[in-house]
Structures are given as structure tokens and as C-alpha cells.
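Below is the file data01.txt, which contains compact mmCIF, N, CA and C atoms.
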# COMPACT_ATOMS: atom_id res chain seq x y z
N MET A 1 12.73 11.46 -15.38
CA MET A 1 12.72 10.59 -14.23
C MET A 1 13.83 9.57 -14.38
N ASP A 2 14.62 9.42 -13.33
CA ASP A 2 15.63 8.38 -13.32
C ASP A 2 15.48 7.58 -12.03
N VAL A 3 16.05 6.41 -11.99
CA VAL A 3 15.87 5.50 -10.86
C VAL A 3 16.40 6.11 -9.57
N ASP A 4 17.50 6.84 -9.63
CA ASP A 4 18.05 7.46 -8.41
C ASP A 4 17.07 8.46 -7.81
N TRP A 5 16.49 9.31 -8.66
CA TRP A 5 15.50 10.27 -8.16
C TRP A 5 14.28 9.55 -7.59
N LEU A 6 13.83 8.53 -8.31
CA LEU A 6 12.66 7.76 -7.87
C LEU A 6 12.92 7.10 -6.52
N ARG A 7 14.08 6.48 -6.36
CA ARG A 7 14.42 5.85 -5.08
C ARG A 7 14.46 6.88 -3.95
N LYS A 8 15.11 8.00 -4.21
CA LYS A 8 15.22 9.04 -3.18
C LYS A 8 13.83 9.54 -2.77
N PHE A 9 12.97 9.80 -3.75
CA PHE A 9 11.64 10.31 -3.43
C PHE A 9 10.81 9.27 -2.69
N CYS A 10 10.71 8.07 -3.24
CA CYS A 10 9.86 7.04 -2.63
C CYS A 10 10.33 6.65 -1.23
N LEU A 11 11.63 6.52 -1.05
CA LEU A 11 12.15 6.12 0.27
C LEU A 11 12.04 7.24 1.30
N SER A 12 11.75 8.46 0.86
CA SER A 12 11.54 9.56 1.81
C SER A 12 10.16 9.49 2.45
N LEU A 13 9.26 8.70 1.88
CA LEU A 13 7.91 8.54 2.44
C LEU A 13 7.96 7.58 3.63
N PRO A 14 7.25 7.88 4.71
CA PRO A 14 7.33 7.05 5.92
C PRO A 14 6.99 5.58 5.67
N HIS A 15 7.76 4.71 6.31
CA HIS A 15 7.55 3.25 6.30
C HIS A 15 7.68 2.63 4.91
N THR A 16 8.36 3.31 3.99
CA THR A 16 8.54 2.77 2.65
C THR A 16 9.78 1.89 2.61
N THR A 17 9.63 0.75 1.93
CA THR A 17 10.76 -0.15 1.71
C THR A 17 10.86 -0.41 0.22
N GLU A 18 12.00 -0.89 -0.21
CA GLU A 18 12.17 -1.27 -1.60
C GLU A 18 12.53 -2.74 -1.66
N GLN A 19 12.15 -3.37 -2.75
CA GLN A 19 12.40 -4.79 -2.90
C GLN A 19 12.50 -5.12 -4.38
N ILE A 20 13.44 -5.96 -4.73
CA ILE A 20 13.53 -6.43 -6.12
C ILE A 20 12.71 -7.70 -6.20
N GLN A 21 11.81 -7.73 -7.17
CA GLN A 21 10.88 -8.85 -7.28
C GLN A 21 10.67 -9.17 -8.75
N TRP A 22 10.21 -10.35 -9.05
CA TRP A 22 9.92 -10.79 -10.41
C TRP A 22 11.13 -10.62 -11.34
N GLY A 23 12.29 -10.93 -10.85
CA GLY A 23 13.50 -10.86 -11.66
C GLY A 23 14.23 -9.54 -11.52
N SER A 24 13.75 -8.51 -12.20
CA SER A 24 14.48 -7.24 -12.18
C SER A 24 13.58 -6.02 -11.99
N ASP A 25 12.47 -6.19 -11.30
CA ASP A 25 11.58 -5.05 -11.04
C ASP A 25 11.82 -4.54 -9.62
N LEU A 26 12.00 -3.24 -9.51
CA LEU A 26 12.18 -2.60 -8.22
C LEU A 26 10.83 -2.11 -7.73
N LEU A 27 10.39 -2.65 -6.59
CA LEU A 27 9.09 -2.29 -6.03
C LEU A 27 9.28 -1.40 -4.82
N PHE A 28 8.40 -0.44 -4.67
CA PHE A 28 8.36 0.40 -3.49
C PHE A 28 7.08 0.05 -2.75
N LYS A 29 7.23 -0.26 -1.47
CA LYS A 29 6.11 -0.74 -0.68
C LYS A 29 5.96 0.06 0.60
N VAL A 30 4.72 0.17 1.07
CA VAL A 30 4.44 0.73 2.38
C VAL A 30 3.79 -0.39 3.18
N HIS A 31 4.41 -0.76 4.28
CA HIS A 31 3.95 -1.87 5.12
C HIS A 31 3.67 -3.12 4.28
N GLY A 32 4.54 -3.40 3.31
CA GLY A 32 4.43 -4.61 2.51
C GLY A 32 3.50 -4.54 1.32
N LYS A 33 2.82 -3.42 1.10
CA LYS A 33 1.91 -3.27 -0.04
C LYS A 33 2.55 -2.32 -1.05
N MET A 34 2.63 -2.75 -2.30
CA MET A 34 3.33 -1.95 -3.31
C MET A 34 2.52 -0.75 -3.77
N PHE A 35 3.25 0.33 -4.03
CA PHE A 35 2.60 1.54 -4.57
C PHE A 35 3.31 2.06 -5.82
N ALA A 36 4.48 1.53 -6.15
CA ALA A 36 5.18 1.91 -7.38
C ALA A 36 6.13 0.79 -7.80
N ILE A 37 6.27 0.63 -9.12
CA ILE A 37 7.14 -0.41 -9.68
C ILE A 37 7.92 0.20 -10.83
N THR A 38 9.22 -0.09 -10.86
CA THR A 38 10.03 0.32 -12.01
C THR A 38 10.96 -0.83 -12.39
N PRO A 39 11.09 -1.11 -13.68
CA PRO A 39 12.02 -2.16 -14.10
C PRO A 39 13.46 -1.65 -14.07
N LEU A 40 14.37 -2.52 -13.71
CA LEU A 40 15.79 -2.14 -13.69
C LEU A 40 16.48 -2.49 -15.00
N GLU A 41 15.80 -3.24 -15.85
CA GLU A 41 16.31 -3.57 -17.18
C GLU A 41 15.35 -2.99 -18.22
N PRO A 42 15.80 -2.83 -19.45
CA PRO A 42 14.90 -2.27 -20.48
C PRO A 42 13.59 -3.06 -20.57
N ALA A 43 12.49 -2.32 -20.63
CA ALA A 43 11.15 -2.93 -20.67
C ALA A 43 10.21 -1.98 -21.40
N PRO A 44 9.03 -2.46 -21.80
CA PRO A 44 8.08 -1.59 -22.52
C PRO A 44 7.58 -0.41 -21.69
N VAL A 45 7.57 -0.55 -20.36
CA VAL A 45 7.16 0.56 -19.50
C VAL A 45 8.29 0.88 -18.53
N CYS A 46 8.39 2.14 -18.11
CA CYS A 46 9.49 2.52 -17.23
C CYS A 46 9.06 2.76 -15.78
N LEU A 47 7.74 2.91 -15.55
CA LEU A 47 7.24 3.11 -14.19
C LEU A 47 5.75 2.84 -14.17
N SER A 48 5.31 2.16 -13.11
CA SER A 48 3.88 1.91 -12.90
C SER A 48 3.54 2.30 -11.48
N PHE A 49 2.34 2.87 -11.30
CA PHE A 49 1.90 3.23 -9.96
C PHE A 49 0.38 3.35 -9.91
N LYS A 50 -0.16 3.30 -8.71
CA LYS A 50 -1.59 3.38 -8.48
C LYS A 50 -2.04 4.84 -8.54
N CYS A 51 -3.27 5.05 -8.99
CA CYS A 51 -3.83 6.40 -8.99
C CYS A 51 -5.33 6.33 -8.73
N SER A 52 -5.93 7.47 -8.51
CA SER A 52 -7.37 7.54 -8.24
C SER A 52 -8.14 7.20 -9.52
N ASP A 53 -9.42 6.89 -9.37
CA ASP A 53 -10.25 6.56 -10.53
C ASP A 53 -10.27 7.71 -11.55
N GLN A 54 -10.42 8.93 -11.05
CA GLN A 54 -10.48 10.09 -11.93
C GLN A 54 -9.13 10.31 -12.63
N ALA A 55 -8.04 10.24 -11.87
CA ALA A 55 -6.71 10.43 -12.45
C ALA A 55 -6.41 9.33 -13.48
N PHE A 56 -6.86 8.11 -13.20
CA PHE A 56 -6.65 7.00 -14.13
C PHE A 56 -7.27 7.33 -15.49
N ALA A 57 -8.51 7.79 -15.46
CA ALA A 57 -9.21 8.13 -16.71
C ALA A 57 -8.51 9.28 -17.44
N GLU A 58 -8.09 10.29 -16.70
CA GLU A 58 -7.44 11.45 -17.31
C GLU A 58 -6.05 11.12 -17.84
N LEU A 59 -5.26 10.41 -17.04
CA LEU A 59 -3.87 10.14 -17.42
C LEU A 59 -3.77 9.18 -18.60
N THR A 60 -4.66 8.20 -18.67
CA THR A 60 -4.58 7.25 -19.78
C THR A 60 -4.99 7.86 -21.12
N GLU A 61 -5.50 9.08 -21.10
CA GLU A 61 -5.81 9.80 -22.34
C GLU A 61 -4.55 10.48 -22.91
N ARG A 62 -3.53 10.63 -22.08
CA ARG A 62 -2.30 11.30 -22.52
C ARG A 62 -1.42 10.35 -23.32
N PRO A 63 -0.56 10.93 -24.17
CA PRO A 63 0.37 10.06 -24.91
C PRO A 63 1.42 9.47 -23.97
N ASN A 64 1.84 8.26 -24.28
CA ASN A 64 2.88 7.53 -23.55
C ASN A 64 2.48 7.12 -22.13
N ILE A 65 1.19 7.16 -21.83
CA ILE A 65 0.68 6.67 -20.55
C ILE A 65 -0.43 5.68 -20.85
N ILE A 66 -0.28 4.46 -20.33
CA ILE A 66 -1.24 3.40 -20.62
C ILE A 66 -1.72 2.76 -19.31
N PRO A 67 -2.84 2.04 -19.37
CA PRO A 67 -3.21 1.25 -18.20
C PRO A 67 -2.12 0.21 -17.95
N ALA A 68 -1.71 0.07 -16.72
CA ALA A 68 -0.59 -0.83 -16.40
C ALA A 68 -0.96 -2.29 -16.67
N PRO A 69 -0.12 -3.01 -17.38
CA PRO A 69 -0.39 -4.43 -17.61
C PRO A 69 -0.56 -5.18 -16.29
N TYR A 70 -1.57 -6.02 -16.21
CA TYR A 70 -1.91 -6.84 -15.04
C TYR A 70 -2.47 -6.06 -13.86
N LEU A 71 -2.32 -4.75 -13.83
CA LEU A 71 -2.74 -3.96 -12.67
C LEU A 71 -3.77 -2.88 -13.01
N ALA A 72 -4.18 -2.80 -14.25
CA ALA A 72 -5.11 -1.74 -14.66
C ALA A 72 -6.45 -1.83 -13.93
N ARG A 73 -6.90 -3.04 -13.63
CA ARG A 73 -8.20 -3.16 -12.94
C ARG A 73 -8.16 -2.55 -11.54
N ALA A 74 -6.95 -2.41 -10.98
CA ALA A 74 -6.78 -1.76 -9.67
C ALA A 74 -6.40 -0.29 -9.84
N LYS A 75 -6.60 0.24 -11.04
CA LYS A 75 -6.34 1.65 -11.37
C LYS A 75 -4.85 2.01 -11.27
N TRP A 76 -4.01 1.19 -11.87
CA TRP A 76 -2.59 1.47 -11.99
C TRP A 76 -2.33 1.93 -13.42
N ILE A 77 -1.43 2.90 -13.56
CA ILE A 77 -1.02 3.35 -14.89
C ILE A 77 0.45 3.01 -15.09
N ALA A 78 0.88 3.04 -16.34
CA ALA A 78 2.27 2.76 -16.68
C ALA A 78 2.77 3.84 -17.64
N LEU A 79 3.98 4.30 -17.40
CA LEU A 79 4.62 5.28 -18.28
C LEU A 79 5.47 4.53 -19.29
N GLU A 80 5.25 4.83 -20.57
CA GLU A 80 6.04 4.19 -21.62
C GLU A 80 7.36 4.91 -21.85
N ARG A 81 7.43 6.16 -21.41
CA ARG A 81 8.66 6.95 -21.55
C ARG A 81 8.92 7.68 -20.23
N PRO A 82 10.18 7.86 -19.85
CA PRO A 82 10.49 8.55 -18.60
C PRO A 82 10.01 10.00 -18.55
N ASP A 83 9.87 10.63 -19.72
CA ASP A 83 9.46 12.03 -19.77
C ASP A 83 7.96 12.20 -20.04
N ALA A 84 7.17 11.15 -19.84
CA ALA A 84 5.73 11.22 -20.10
C ALA A 84 5.03 12.17 -19.13
N ILE A 85 5.59 12.34 -17.94
CA ILE A 85 5.03 13.24 -16.92
C ILE A 85 6.18 14.07 -16.34
N ALA A 86 5.96 15.36 -16.15
CA ALA A 86 6.99 16.23 -15.56
C ALA A 86 7.28 15.78 -14.13
N ARG A 87 8.50 15.99 -13.69
CA ARG A 87 8.95 15.52 -12.38
C ARG A 87 8.08 16.02 -11.23
N ALA A 88 7.69 17.28 -11.24
CA ALA A 88 6.87 17.84 -10.16
C ALA A 88 5.51 17.14 -10.09
N GLU A 89 4.89 16.93 -11.24
CA GLU A 89 3.60 16.24 -11.27
C GLU A 89 3.77 14.77 -10.88
N LEU A 90 4.86 14.17 -11.31
CA LEU A 90 5.13 12.78 -10.97
C LEU A 90 5.28 12.61 -9.46
N ALA A 91 5.95 13.56 -8.83
CA ALA A 91 6.11 13.50 -7.37
C ALA A 91 4.74 13.54 -6.68
N GLU A 92 3.84 14.39 -7.16
CA GLU A 92 2.49 14.46 -6.59
C GLU A 92 1.74 13.15 -6.81
N LEU A 93 1.86 12.58 -8.01
CA LEU A 93 1.16 11.33 -8.31
C LEU A 93 1.70 10.17 -7.49
N LEU A 94 3.00 10.13 -7.27
CA LEU A 94 3.59 9.07 -6.44
C LEU A 94 3.16 9.23 -4.98
N GLN A 95 3.08 10.47 -4.51
CA GLN A 95 2.60 10.73 -3.15
C GLN A 95 1.15 10.25 -3.02
N THR A 96 0.33 10.52 -4.02
CA THR A 96 -1.06 10.06 -4.02
C THR A 96 -1.14 8.54 -4.04
N SER A 97 -0.29 7.91 -4.85
CA SER A 97 -0.25 6.45 -4.91
C SER A 97 0.06 5.87 -3.53
N TYR A 98 1.05 6.43 -2.88
CA TYR A 98 1.43 6.03 -1.52
C TYR A 98 0.23 6.17 -0.56
N GLU A 99 -0.45 7.31 -0.63
CA GLU A 99 -1.57 7.58 0.27
C GLU A 99 -2.76 6.67 -0.01
N LEU A 100 -3.01 6.35 -1.28
CA LEU A 100 -4.10 5.43 -1.63
C LEU A 100 -3.86 4.04 -1.05
N VAL A 101 -2.64 3.57 -1.18
CA VAL A 101 -2.29 2.25 -0.66
C VAL A 101 -2.32 2.27 0.87
N LEU A 102 -1.78 3.32 1.47
CA LEU A 102 -1.77 3.45 2.93
C LEU A 102 -3.20 3.48 3.48
N ALA A 103 -4.10 4.13 2.79
CA ALA A 103 -5.49 4.24 3.25
C ALA A 103 -6.20 2.89 3.31
N LYS A 104 -5.75 1.93 2.53
CA LYS A 104 -6.37 0.59 2.51
C LYS A 104 -5.82 -0.33 3.60
N LEU A 105 -4.76 0.10 4.27
CA LEU A 105 -4.15 -0.73 5.32
C LEU A 105 -4.98 -0.66 6.60
N PRO A 106 -4.82 -1.65 7.48
CA PRO A 106 -5.52 -1.58 8.77
C PRO A 106 -5.13 -0.33 9.55
N LYS A 107 -6.06 0.14 10.36
CA LYS A 107 -5.85 1.39 11.10
C LYS A 107 -4.59 1.36 11.96
N ARG A 108 -4.30 0.21 12.54
CA ARG A 108 -3.12 0.11 13.43
C ARG A 108 -1.82 0.37 12.67
N LEU A 109 -1.81 0.12 11.35
CA LEU A 109 -0.62 0.40 10.55
C LEU A 109 -0.60 1.83 10.03
N ARG A 110 -1.79 2.38 9.78
CA ARG A 110 -1.88 3.75 9.26
C ARG A 110 -1.52 4.78 10.31
N GLU A 111 -1.91 4.54 11.55
CA GLU A 111 -1.69 5.49 12.63
C GLU A 111 -0.85 4.85 13.72
N PRO A 112 0.46 4.78 13.50
CA PRO A 112 1.30 4.13 14.51
C PRO A 112 1.26 4.91 15.83
N MET A 113 1.17 4.16 16.91
CA MET A 113 1.10 4.79 18.23
C MET A 113 2.50 5.21 18.67
N GLY A 114 2.56 6.29 19.39
CA GLY A 114 3.83 6.75 19.93
C GLY A 114 4.24 5.88 21.12
N GLU A 115 5.47 5.94 21.49
CA GLU A 115 6.00 5.13 22.60
C GLU A 115 5.29 5.46 23.91
N ALA A 116 4.98 6.73 24.14
CA ALA A 116 4.30 7.14 25.38
C ALA A 116 2.91 6.51 25.46
N ASN A 117 2.19 6.48 24.34
CA ASN A 117 0.86 5.88 24.33
C ASN A 117 0.92 4.38 24.60
N ARG A 118 1.93 3.71 24.04
CA ARG A 118 2.08 2.27 24.26
C ARG A 118 2.30 1.97 25.73
N LYS A 119 3.17 2.75 26.37
CA LYS A 119 3.45 2.54 27.78
C LYS A 119 2.21 2.80 28.63
N ALA A 120 1.45 3.84 28.27
CA ALA A 120 0.23 4.16 29.01
C ALA A 120 -0.79 3.03 28.89
N MET A 121 -0.90 2.43 27.72
CA MET A 121 -1.85 1.34 27.53
C MET A 121 -1.43 0.12 28.33
N LYS A 122 -0.13 -0.18 28.37
CA LYS A 122 0.34 -1.32 29.14
C LYS A 122 0.06 -1.12 30.62
N THR A 123 0.29 0.10 31.12
CA THR A 123 0.06 0.41 32.53
C THR A 123 -1.42 0.27 32.87
N SER A 124 -2.29 0.82 32.03
CA SER A 124 -3.72 0.77 32.34
C SER A 124 -4.26 -0.65 32.28
N SER A 125 -3.72 -1.50 31.41
CA SER A 125 -4.20 -2.87 31.36
C SER A 125 -3.74 -3.67 32.58
N LYS A 126 -2.59 -3.34 33.15
CA LYS A 126 -2.12 -4.01 34.36
C LYS A 126 -2.97 -3.61 35.56
N GLU A 127 -3.41 -2.35 35.59
CA GLU A 127 -4.22 -1.87 36.70
C GLU A 127 -5.59 -2.53 36.72
N ARG A 128 -6.14 -2.87 35.56
CA ARG A 128 -7.46 -3.48 35.49
C ARG A 128 -7.45 -4.91 36.00
N GLY A 129 -6.34 -5.56 35.89
CA GLY A 129 -6.25 -6.95 36.30
C GLY A 129 -6.63 -7.88 35.16
N PRO A 130 -6.56 -9.18 35.43
CA PRO A 130 -6.86 -10.12 34.35
C PRO A 130 -8.34 -10.08 33.97
N GLU A 131 -8.59 -10.24 32.70
CA GLU A 131 -9.96 -10.24 32.22
C GLU A 131 -10.57 -11.62 32.43
N LYS A 132 -11.83 -11.64 32.82
CA LYS A 132 -12.52 -12.91 33.01
C LYS A 132 -13.42 -13.14 31.80
N ARG A 133 -13.34 -14.33 31.29
CA ARG A 133 -14.17 -14.69 30.16
C ARG A 133 -15.28 -15.60 30.64
N SER A 134 -16.44 -15.38 30.13
CA SER A 134 -17.53 -16.26 30.50
C SER A 134 -17.49 -17.49 29.59
N ILE A 135 -17.64 -18.62 30.18
CA ILE A 135 -17.62 -19.87 29.44
C ILE A 135 -19.03 -20.44 29.45
N ARG A 136 -19.56 -20.65 28.30
CA ARG A 136 -20.90 -21.19 28.18
C ARG A 136 -20.82 -22.69 27.96
N LYS A 137 -21.50 -23.41 28.80
CA LYS A 137 -21.51 -24.85 28.65
C LYS A 137 -22.62 -25.24 27.70
N LYS A 138 -22.33 -26.22 26.89
CA LYS A 138 -23.35 -26.72 25.98
C LYS A 138 -24.25 -27.68 26.73
N SER A 139 -25.51 -27.50 26.56
CA SER A 139 -26.48 -28.36 27.20
C SER A 139 -26.81 -29.50 26.26
N LYS A 140 -26.63 -30.73 26.74
CA LYS A 140 -26.90 -31.90 25.90
C LYS A 140 -28.39 -32.14 25.78
N GLY A 141 -29.17 -31.73 26.75
CA GLY A 141 -30.60 -31.99 26.75
C GLY A 141 -31.36 -31.16 25.73
N ASN A 142 -30.80 -30.08 25.23
CA ASN A 142 -31.50 -29.19 24.31
C ASN A 142 -31.32 -29.55 22.85
N ARG A 143 -30.56 -30.58 22.57
CA ARG A 143 -30.29 -30.94 21.18
C ARG A 143 -31.49 -31.65 20.57
N LYS A 144 -31.79 -31.31 19.36
CA LYS A 144 -32.86 -31.98 18.64
C LYS A 144 -32.25 -33.10 17.82
N THR A 145 -32.92 -34.20 17.82
CA THR A 145 -32.42 -35.33 17.01
C THR A 145 -33.30 -35.48 15.80
N ARG A 146 -32.70 -35.83 14.70
CA ARG A 146 -33.44 -36.05 13.45
C ARG A 146 -33.88 -37.50 13.38
N GLN A 147 -35.08 -37.68 12.90
CA GLN A 147 -35.57 -39.06 12.75
C GLN A 147 -35.94 -39.34 11.32

Take the structure in this file and express it as C-alpha cells.
Amino acid sequence: MDVDWLRKFCLSLPHTTEQIQWGSDLLFKVHGKMFAITPLEPAPVCLSFKCSDQAFAELTERPNIIPAPYLARAKWIALERPDAIARAELAELLQTSYELVLAKLPKRLREPMGEANRKAMKTSSKERGPEKRSIRKKSKGNRKTRQ
């Protein structure tokens, strides 16, 4: 695994952005939520990402894969060596990490509406007219006083 391959793969996923944060860590995010982190300078780990509960238990049993520092409680793992996982398996795990994070986002971000649907919704709301809200007045006579 190298940073160029990682960038190419992660940025191919829909709505993914990259950001340098905490000095020299490259983060990959979907709608602002991170799903993978790699340091750009030498560090004890070379890649961290989220995984399922089952995968977390299985992967942390392998050599050179540890619970990610600060993120293990959220089921993130960290690779101590770039070759700890084969590239094909790593691609699947990164895809899963992306999907796990995406699944936690609000529905409006997970299922973006097409332009045609947006226009249809605007048209139908104009046809209905303005919505009327009922306003409830507070009755002063119903208040109980403490003595």
C-alpha cells in the first residue's frame, strides 16, 4: 500500500474528500466524517480505518494489525506495516469502512435526490400554497399558583 494508491482508491468513492489534519495526517472523509487516516510522515502506524465489530476482532488477531490508538472504541484498526494486508483485501476493507460511516449519516446525505426529484418537490409545494400553522394561545386563567 502506498499513499498514491490509497488516495486514488478512496477518492473514487462518491462524496469523498481528503483533508490534512493534526499536523501531517491525511484524512479521507465522506460528507465530513472520516473513514480512513494515513500519516504523511513516519509514524508507528501507516493506516487506520473503521471496520465492523466482527472484522475488528478478527483483524486485531493478525500480526502488524492493532486497535487504532484513540479510535479503537469505535472499532478502528491500525496497520503497523504497509504490507500487513494484501491490496485486494485492503480495498474491500476500505470500502466497508466508507459504507459503515455513510450508514451513520442522516438519510438526506446517504440518498442524494436527483435534480428531477428536487424540481418536482418544489413544484408540488408551490401548488399546495402556503402552510397554515395553528397558534395556541396560553390561557392565564388556567395557571396554578403555589402558596

### Query
How would you write as a VMD selection string the residues that get within 8 Å of (5.4, -2.5, -6.8) in the file's frame, counting all atoms listed in the file?
chain A and resid 19 25 to 29 33 to 38 48 to 49

### Message
I'd like the interatomic distance between atom CA of A:Gln95 and atom CA of A:Pro63, to a tenth of an Å.
### Response
21.9 Å

### Message
I'd like the interatomic distance between atom CA of A:Lys50 and atom CA of A:Lys75, to a tenth of an Å.
### Response
5.8 Å

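A straight-line distance of 23.0 Å separates atom C of A:Ala72 from atom C of A:Leu40.
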
### Task
Skip stretch 67-69 of chain A itself and residues of its chain fewer than 5 positions away, then list as a ChimeraX atom specification all residues within 6 Å of it, counting only C-alpha atoms.
/A:76-78

### Message
So, with all atoms listed in the file as the atoms that count, which of A:Ala84, A:Ala55, A:Val30, A:Val45 lies closest to A:Val101?
### Response
A:Val30

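Of the residues under consideration (A:Ile20, A:Cys46, A:Leu93, A:Cys10), A:Cys46 shows the shortest atom-to-atom contact distance to A:Leu79 when counting all atoms listed in the file.
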